[in-house]
$ cat target31.cif   # mmCIF, C-alpha atoms
data_final
loop_
_atom_site.group_PDB
_atom_site.id
_atom_site.type_symbol
_atom_site.label_atom_id
_atom_site.label_comp_id
_atom_site.auth_asym_id
_atom_site.auth_seq_id
_atom_site.Cartn_x
_atom_site.Cartn_y
_atom_site.Cartn_z
ATOM 1 C CA MET A 1 14.349 -16.929 -16.231
ATOM 2 C CA SER A 2 10.830 -16.599 -17.563
ATOM 3 C CA THR A 3 10.472 -14.645 -20.789
ATOM 4 C CA LYS A 4 7.745 -12.679 -19.028
ATOM 5 C CA MET A 5 10.036 -11.572 -16.190
ATOM 6 C CA PRO A 6 10.941 -8.173 -17.740
ATOM 7 C CA ALA A 7 7.246 -7.339 -18.137
ATOM 8 C CA ARG A 8 6.595 -8.364 -14.550
ATOM 9 C CA VAL A 9 9.446 -6.220 -13.231
ATOM 10 C CA VAL A 10 8.214 -3.212 -15.225
ATOM 11 C CA ARG A 11 4.709 -3.624 -13.806
ATOM 12 C CA LEU A 12 6.097 -4.064 -10.315
ATOM 13 C CA LEU A 13 8.228 -0.906 -10.435
ATOM 14 C CA ALA A 14 5.485 1.136 -12.117
ATOM 15 C CA GLY A 15 2.944 -0.036 -9.569
ATOM 16 C CA LEU A 16 5.129 0.792 -6.578
ATOM 17 C CA ALA A 17 6.072 4.221 -7.922
ATOM 18 C CA LEU A 18 2.452 5.082 -8.747
ATOM 19 C CA PHE A 19 1.404 3.841 -5.322
ATOM 20 C CA GLY A 20 3.681 6.400 -3.688
ATOM 21 C CA VAL A 21 2.359 9.105 -6.017
ATOM 22 C CA SER A 22 -1.240 8.195 -5.192
ATOM 23 C CA VAL A 23 -0.645 8.449 -1.449
ATOM 24 C CA ALA A 24 0.980 11.861 -1.928
ATOM 25 C CA LEU A 25 -2.082 13.085 -3.846
ATOM 26 C CA MET A 26 -4.324 11.986 -0.991
ATOM 27 C CA VAL A 27 -2.034 13.698 1.504
ATOM 28 C CA ARG A 28 -2.289 16.950 -0.462
ATOM 29 C CA ALA A 29 -6.083 16.540 -0.633
ATOM 30 C CA ASP A 30 -6.094 16.635 3.192
ATOM 31 C CA LEU A 31 -9.462 14.899 3.378
ATOM 32 C CA GLY A 32 -8.399 11.679 5.076
ATOM 33 C CA LEU A 33 -6.079 8.783 4.281
ATOM 34 C CA ALA A 34 -6.102 4.996 4.214
ATOM 35 C CA SER A 35 -5.552 3.397 7.621
ATOM 36 C CA TRP A 36 -1.827 2.635 7.286
ATOM 37 C CA ASP A 37 -1.171 6.089 5.843
ATOM 38 C CA VAL A 38 -3.002 7.687 8.772
ATOM 39 C CA LEU A 39 -0.405 5.928 10.931
ATOM 40 C CA HIS A 40 2.474 7.062 8.713
ATOM 41 C CA GLN A 41 1.247 10.653 8.716
ATOM 42 C CA GLY A 42 0.713 10.594 12.480
ATOM 43 C CA LEU A 43 4.256 9.351 13.015
ATOM 44 C CA ALA A 44 5.557 12.037 10.670
ATOM 45 C CA ALA A 45 3.676 14.700 12.641
ATOM 46 C CA ARG A 46 5.221 13.534 15.905
ATOM 47 C CA THR A 47 8.763 12.841 14.694
ATOM 48 C CA ARG A 48 9.085 15.579 12.038
ATOM 49 C CA LEU A 49 10.582 12.975 9.720
ATOM 50 C CA PRO A 50 9.526 12.742 6.055
ATOM 51 C CA MET A 51 6.378 10.679 5.657
ATOM 52 C CA GLY A 52 7.893 8.597 2.867
ATOM 53 C CA LEU A 53 10.852 7.678 5.042
ATOM 54 C CA LEU A 54 8.431 6.482 7.702
ATOM 55 C CA VAL A 55 6.416 4.501 5.128
ATOM 56 C CA ASN A 56 9.590 2.590 4.274
ATOM 57 C CA GLY A 57 10.609 2.303 7.922
ATOM 58 C CA VAL A 58 7.259 0.884 9.027
ATOM 59 C CA ALA A 59 7.337 -1.537 6.093
ATOM 60 C CA LEU A 60 10.763 -2.747 7.224
ATOM 61 C CA LEU A 61 9.555 -3.232 10.793
ATOM 62 C CA VAL A 62 6.520 -5.159 9.580
ATOM 63 C CA LEU A 63 8.806 -7.274 7.413
ATOM 64 C CA LEU A 64 10.777 -8.259 10.522
ATOM 65 C CA LEU A 65 7.546 -9.718 11.912
ATOM 66 C CA TRP A 66 7.630 -12.192 9.029
ATOM 67 C CA ILE A 67 10.558 -14.007 10.668
ATOM 68 C CA PRO A 68 8.594 -15.802 13.416
ATOM 69 C CA LEU A 69 5.804 -16.430 10.887
ATOM 70 C CA ARG A 70 8.318 -18.077 8.517
ATOM 71 C CA GLN A 71 7.192 -15.939 5.596
ATOM 72 C CA ARG A 72 9.575 -15.586 2.668
ATOM 73 C CA PRO A 73 9.842 -12.193 0.945
ATOM 74 C CA GLY A 74 9.907 -11.911 -2.830
ATOM 75 C CA VAL A 75 11.498 -9.352 -5.103
ATOM 76 C CA GLY A 76 8.319 -7.315 -4.927
ATOM 77 C CA THR A 77 8.394 -7.364 -1.128
ATOM 78 C CA VAL A 78 11.885 -5.899 -0.974
ATOM 79 C CA ALA A 79 11.140 -3.356 -3.705
ATOM 80 C CA ASN A 80 8.020 -2.300 -1.804
ATOM 81 C CA VAL A 81 10.085 -1.469 1.271
ATOM 82 C CA ALA A 82 12.492 0.640 -0.779
ATOM 83 C CA LEU A 83 10.430 2.436 -3.423
ATOM 84 C CA VAL A 84 6.988 3.479 -2.195
ATOM 85 C CA GLY A 85 8.275 5.974 0.343
ATOM 86 C CA LEU A 86 10.750 7.477 -2.121
ATOM 87 C CA ALA A 87 7.989 8.083 -4.660
ATOM 88 C CA LEU A 88 5.771 9.538 -1.943
ATOM 89 C CA ASP A 89 8.351 12.041 -0.709
ATOM 90 C CA GLY A 90 9.341 12.967 -4.264
ATOM 91 C CA THR A 91 5.740 13.722 -5.199
ATOM 92 C CA LEU A 92 5.109 15.731 -2.035
ATOM 93 C CA ALA A 93 8.143 17.856 -2.945
ATOM 94 C CA LEU A 94 6.679 18.568 -6.390
ATOM 95 C CA VAL A 95 2.965 18.956 -5.630
ATOM 96 C CA PRO A 96 2.104 21.944 -3.423
ATOM 97 C CA PRO A 97 -0.812 22.038 -0.979
ATOM 98 C CA VAL A 98 -4.190 22.877 -2.547
ATOM 99 C CA ASP A 99 -6.674 25.245 -0.885
ATOM 100 C CA PRO A 100 -10.032 25.125 -2.753
ATOM 101 C CA LEU A 101 -12.224 22.229 -1.657
ATOM 102 C CA ALA A 102 -13.010 21.350 -5.275
ATOM 103 C CA GLY A 103 -9.306 20.987 -6.019
ATOM 104 C CA ARG A 104 -8.732 18.892 -2.916
ATOM 105 C CA THR A 105 -11.676 16.665 -3.811
ATOM 106 C CA GLY A 106 -10.239 16.184 -7.276
ATOM 107 C CA LEU A 107 -6.878 15.206 -5.808
ATOM 108 C CA LEU A 108 -8.574 12.739 -3.469
ATOM 109 C CA VAL A 109 -10.530 11.020 -6.236
ATOM 110 C CA ALA A 110 -7.461 10.952 -8.483
ATOM 111 C CA GLY A 111 -5.409 9.520 -5.624
ATOM 112 C CA VAL A 112 -7.860 6.701 -4.895
ATOM 113 C CA LEU A 113 -8.203 5.772 -8.576
ATOM 114 C CA LEU A 114 -4.444 5.885 -9.104
ATOM 115 C CA ASN A 115 -3.934 3.819 -5.974
ATOM 116 C CA GLY A 116 -6.226 1.139 -7.382
ATOM 117 C CA LEU A 117 -4.304 1.115 -10.656
ATOM 118 C CA ALA A 118 -0.978 0.995 -8.827
ATOM 119 C CA THR A 119 -2.131 -1.867 -6.614
ATOM 120 C CA ALA A 120 -3.351 -3.873 -9.601
ATOM 121 C CA LEU A 121 -0.044 -3.352 -11.433
ATOM 122 C CA TYR A 122 1.936 -4.372 -8.372
ATOM 123 C CA LEU A 123 -0.179 -7.420 -7.575
ATOM 124 C CA GLY A 124 -0.352 -8.363 -11.247
ATOM 125 C CA ALA A 125 3.430 -8.633 -11.400
ATOM 126 C CA ARG A 126 3.225 -11.668 -9.057
ATOM 127 C CA LEU A 127 6.652 -11.015 -7.533
ATOM 128 C CA GLY A 128 5.818 -11.255 -3.847
ATOM 129 C CA PRO A 129 3.339 -9.671 -1.417
ATOM 130 C CA GLY A 130 3.855 -6.363 0.334
ATOM 131 C CA PRO A 131 5.044 -6.446 3.955
ATOM 132 C CA ARG A 132 1.583 -5.719 5.354
ATOM 133 C CA ASP A 133 -0.132 -8.293 3.131
ATOM 134 C CA GLY A 134 2.440 -10.880 4.117
ATOM 135 C CA LEU A 135 1.883 -10.200 7.803
ATOM 136 C CA MET A 136 -1.839 -10.834 7.438
ATOM 137 C CA THR A 137 -1.502 -13.942 5.293
ATOM 138 C CA GLY A 138 1.242 -15.223 7.594
ATOM 139 C CA LEU A 139 -1.022 -14.910 10.623
ATOM 140 C CA ALA A 140 -3.823 -16.592 8.673
ATOM 141 C CA ALA A 141 -1.471 -19.452 7.796
ATOM 142 C CA ARG A 142 -0.975 -19.996 11.535
ATOM 143 C CA GLY A 143 -4.673 -20.680 11.972
ATOM 144 C CA LEU A 144 -6.089 -17.210 12.592
ATOM 145 C CA PRO A 145 -9.080 -16.160 10.419
ATOM 146 C CA LEU A 146 -7.865 -13.743 7.726
ATOM 147 C CA GLY A 147 -10.919 -11.452 7.735
ATOM 148 C CA PRO A 148 -10.964 -10.648 11.458
ATOM 149 C CA VAL A 149 -7.159 -10.430 11.561
ATOM 150 C CA ARG A 150 -7.097 -7.914 8.743
ATOM 151 C CA THR A 151 -9.919 -5.881 10.280
ATOM 152 C CA LEU A 152 -8.200 -5.825 13.670
ATOM 153 C CA ILE A 153 -4.891 -4.692 12.196
ATOM 154 C CA GLU A 154 -6.505 -2.015 10.010
ATOM 155 C CA VAL A 155 -8.611 -0.626 12.866
ATOM 156 C CA THR A 156 -5.630 -0.655 15.245
ATOM 157 C CA VAL A 157 -3.264 1.227 12.935
ATOM 158 C CA LEU A 158 -6.050 3.674 12.052
ATOM 159 C CA ALA A 159 -6.765 4.409 15.719
ATOM 160 C CA VAL A 160 -3.092 4.782 16.627
ATOM 161 C CA GLY A 161 -2.458 6.991 13.606
ATOM 162 C CA TRP A 162 -5.445 9.200 14.442
ATOM 163 C CA LEU A 163 -4.262 9.591 18.041
ATOM 164 C CA LEU A 164 -0.837 10.616 16.720
ATOM 165 C CA GLY A 165 -2.357 13.279 14.493
ATOM 166 C CA GLY A 166 -2.944 11.504 11.184
ATOM 167 C CA ALA A 167 -5.790 12.706 8.963
ATOM 168 C CA VAL A 168 -9.056 10.751 9.199
ATOM 169 C CA GLY A 169 -11.966 12.013 7.116
ATOM 170 C CA PRO A 170 -14.229 11.345 4.140
ATOM 171 C CA GLY A 171 -11.187 10.244 2.148
ATOM 172 C CA THR A 172 -10.647 7.428 4.643
ATOM 173 C CA LEU A 173 -14.178 6.174 4.025
ATOM 174 C CA LEU A 174 -13.937 6.660 0.250
ATOM 175 C CA TYR A 175 -10.740 4.633 0.173
ATOM 176 C CA ALA A 176 -12.150 1.871 2.349
ATOM 177 C CA VAL A 177 -15.272 1.548 0.186
ATOM 178 C CA GLY A 178 -13.749 2.150 -3.232
ATOM 179 C CA ILE A 179 -10.355 0.495 -3.345
ATOM 180 C CA GLY A 180 -11.605 -3.092 -3.270
ATOM 181 C CA PRO A 181 -13.910 -2.866 -6.312
ATOM 182 C CA ILE A 182 -11.324 -0.864 -8.286
ATOM 183 C CA VAL A 183 -8.586 -3.405 -7.665
ATOM 184 C CA ALA A 184 -10.919 -6.355 -8.237
ATOM 185 C CA TRP A 185 -11.823 -4.969 -11.667
ATOM 186 C CA LEU A 186 -8.272 -4.087 -12.691
ATOM 187 C CA VAL A 187 -6.251 -7.061 -11.424
ATOM 188 C CA PRO A 188 -7.535 -9.606 -13.988
ATOM 189 C CA ARG A 189 -6.827 -7.100 -16.760
ATOM 190 C CA LEU A 190 -3.315 -6.173 -15.620
ATOM 191 C CA THR A 191 -1.920 -9.457 -14.344
ATOM 192 C CA VAL A 192 0.916 -10.966 -16.348
ATOM 193 C CA PRO A 193 -0.309 -14.475 -17.296
ATOM 194 C CA ALA A 194 1.459 -17.274 -15.477
ATOM 195 C CA PRO A 195 2.795 -20.397 -17.208
ATOM 196 C CA ALA A 196 0.611 -23.450 -16.745
ATOM 197 C CA ALA A 197 2.925 -24.893 -14.093
ATOM 198 C CA GLU A 198 3.147 -21.666 -12.075
ATOM 199 C CA PRO A 199 0.622 -20.882 -9.310
ATOM 200 C CA THR A 200 -1.475 -17.789 -9.946
ATOM 201 C CA GLY A 201 -2.536 -16.787 -6.435
ATOM 202 C CA VAL A 202 -2.814 -13.060 -5.774
ATOM 203 C CA THR A 203 -3.035 -11.505 -2.332
ATOM 204 C CA ALA A 204 -5.744 -9.042 -1.441
ATOM 205 C CA PRO A 205 -4.699 -5.395 -1.705
ATOM 206 C CA CYS A 206 -3.133 -3.686 1.274
ATOM 207 C CA PRO A 207 -0.970 -1.051 -0.243
ATOM 208 C CA ALA A 208 2.456 -0.239 0.748
#

$ encode --input "target31.cif" --output "structure tokens"
Amino acid sequence: MSTKMPARVVRLLAGLALFGVSVALMVRADLGLASWDVLHQGLAARTRLPMGLLVNGVALLVLLLWIPLRQRPGVGTVANVALVGLALDGTLALVPPVDPLAGRTGLLVAGVLLNGLATALYLGARLGPGPRDGLMTGLAARGLPLGPVRTLIEVTVLAVGWLLGGAVGPGTLLYAVGIGPIVAWLVPRLTVPAPAAEPTGVTAPCPA
């Protein structure tokens, strides 16, 4: 086992937990969510099930789509399925709804920034892509262009989530515009260095 493995596991677990916290903050802001979380919230509104439980459930379903794509999950993939939703539901239980717009805006900005940090920690651990990332890269490996595939998936889940009652708003746009630059700046600073013989590829962020 690599001597850096404990540090990688710590970053993985911290990243996944903070990811769930960040989504909960954006939920409490009630100003719009990232595309996949619009879907999760819409499903929660229709089923009356906890949103975190549905985050984990959707991740598991997406992971099943890896089978025909012959994608192999890593430790981080499995941990993603188990932990993000738990952290989300736990935070929602602790953080009450906020009424003033200024407070909601603060929660939204804090949520997006924390989400970027969480994503960089998780990706920097290099212990396997999340289920949604793996679906996109798996389709790309079968000859489909990654950019259009990702856009199509993101737009589809956003539309379905909105139709189900998920929150779309300025927070959705802020996340879409801001998360990429935040993660791009943080990932090189938070990635655990790989040994010379170990590949260093990192997938593009698609939380949870």

$ residues_around --input "target31.cif" --residues "Leu60 of chain A" --least-positions-apart "6" --cutoff "9 Å" --atoms "all atoms listed in the file" --output "list in words"
Val78, Val81, Ala82 and Pro131 of chain A

$ closest_residue --input "target31.cif" --among "A:Arg189, A:Arg104, A:Arg132, A:Arg142" --to "Ser35 of chain A" --atoms "all atoms listed in the file"
A:Arg132

$ residues_around --input "target31.cif" --residues "Arg70 of chain A" --least-positions-apart "6" --cutoff "12 Å" --atoms "all atoms listed in the file" --output "list of chain:residue names"
A:Leu63, A:Leu64, A:Gly134, A:Leu135, A:Thr137, A:Gly138, A:Leu139, A:Ala141, A:Arg142

$ closest_residue --input "target31.cif" --among "A:Ile182, A:Val75, A:Val157, A:Ala44" --to "Asn115 of chain A" --atoms "only C-alpha atoms"
A:Ile182

$ residues_around --input "target31.cif" --residues "Val23 of chain A" --least-positions-apart "4" --cutoff "7 Å" --atoms "only C-alpha atoms" --output "count of residues only"
4

$ atom_distance --input "target31.cif" --atom1 "atom CA of Leu12 of chain A" --atom2 "atom CA of Asp133 of chain A"
15.4 Å

$ residues_around --input "target31.cif" --residues "Leu164 of chain A" --least-positions-apart "5" --cutoff "8 Å" --atoms "only C-alpha atoms" --output "tab-separated table (two decimals) with C-alpha atoms, keeping the file's coordinate frame"
chain	number	residue	atom	x	y	z
A	39	LEU	CA	-0.40	5.93	10.93
A	42	GLY	CA	0.71	10.59	12.48
A	43	LEU	CA	4.26	9.35	13.02
A	45	ALA	CA	3.68	14.70	12.64
A	46	ARG	CA	5.22	13.53	15.90

$ resolve_selection --input "target31.cif" --expression "the PyMOL selection byres ((chain A and resi 34) around 12)" --output "PyMOL selection string"
chain A and resi 22-24+26-27+30-33+35-41+108+111-112+115+154-155+157-159+161-162+166-179+206-208

$ residues_around --input "target31.cif" --residues "Val187 of chain A" --least-positions-apart "5" --cutoff "9 Å" --atoms "only C-alpha atoms" --output "VMD selection string"
chain A and resid 117 119 to 121 123 to 124 182 202

$ write_last_selection --input "target31.cif" --atoms "C-alpha atoms" --output "mmCIF file, keeping the file's coordinate frame"
data_model
loop_
_atom_site.group_PDB
_atom_site.id
_atom_site.type_symbol
_atom_site.label_atom_id
_atom_site.label_comp_id
_atom_site.auth_asym_id
_atom_site.auth_seq_id
_atom_site.Cartn_x
_atom_site.Cartn_y
_atom_site.Cartn_z
ATOM 1 C CA LEU A 117 -4.304 1.115 -10.656
ATOM 2 C CA THR A 119 -2.131 -1.867 -6.614
ATOM 3 C CA ALA A 120 -3.351 -3.873 -9.601
ATOM 4 C CA LEU A 121 -0.044 -3.352 -11.433
ATOM 5 C CA LEU A 123 -0.179 -7.420 -7.575
ATOM 6 C CA GLY A 124 -0.352 -8.363 -11.247
ATOM 7 C CA ILE A 182 -11.324 -0.864 -8.286
ATOM 8 C CA VAL A 202 -2.814 -13.060 -5.774
#

$ closest_residue --input "target31.cif" --among "A:Gly52, A:Gly76, A:Gly147, A:Gly165" --to "Arg126 of chain A" --atoms "all atoms listed in the file"
A:Gly76

$ build_atoms --input "target31.cif" --residues "segment 164-175 of chain A" --atoms "N, CA, C and O atoms" --output "CSV table (one decimal), in the coordinates of the input"
chain,number,residue,atom,x,y,z
A,164,LEU,N,-2.1,9.9,16.9
A,164,LEU,CA,-0.8,10.6,16.7
A,164,LEU,C,-1.0,11.9,15.9
A,164,LEU,O,0.0,12.6,15.7
A,165,GLY,N,-2.1,12.1,15.3
A,165,GLY,CA,-2.4,13.3,14.5
A,165,GLY,C,-2.6,13.1,13.0
A,165,GLY,O,-2.6,14.0,12.2
A,166,GLY,N,-2.7,11.8,12.6
A,166,GLY,CA,-2.9,11.5,11.2
A,166,GLY,C,-4.3,11.9,10.8
A,166,GLY,O,-5.3,12.0,11.6
A,167,ALA,N,-4.5,12.2,9.5
A,167,ALA,CA,-5.8,12.7,9.0
A,167,ALA,C,-6.8,11.6,8.7
A,167,ALA,O,-6.6,10.7,7.9
A,168,VAL,N,-7.9,11.6,9.4
A,168,VAL,CA,-9.1,10.8,9.2
A,168,VAL,C,-10.2,11.6,8.7
A,168,VAL,O,-10.5,12.7,9.3
A,169,GLY,N,-10.9,11.2,7.6
A,169,GLY,CA,-12.0,12.0,7.1
A,169,GLY,C,-12.7,11.3,6.0
A,169,GLY,O,-12.6,10.0,5.9
A,170,PRO,N,-13.5,12.0,5.2
A,170,PRO,CA,-14.2,11.3,4.1
A,170,PRO,C,-13.3,10.6,3.2
A,170,PRO,O,-13.8,9.6,2.6
A,171,GLY,N,-12.1,11.0,3.0
A,171,GLY,CA,-11.2,10.2,2.1
A,171,GLY,C,-10.9,8.9,2.7
A,171,GLY,O,-10.7,7.9,1.9
A,172,THR,N,-10.9,8.7,4.0
A,172,THR,CA,-10.6,7.4,4.6
A,172,THR,C,-11.8,6.5,4.3
A,172,THR,O,-11.6,5.3,3.9
A,173,LEU,N,-13.0,7.0,4.4
A,173,LEU,CA,-14.2,6.2,4.0
A,173,LEU,C,-14.2,5.9,2.5
A,173,LEU,O,-14.5,4.7,2.1
A,174,LEU,N,-13.9,6.9,1.7
A,174,LEU,CA,-13.9,6.7,0.2
A,174,LEU,C,-12.9,5.6,-0.1
A,174,LEU,O,-13.2,4.7,-1.0
A,175,TYR,N,-11.8,5.6,0.5
A,175,TYR,CA,-10.7,4.6,0.2
A,175,TYR,C,-11.2,3.3,0.6
A,175,TYR,O,-11.1,2.3,-0.1
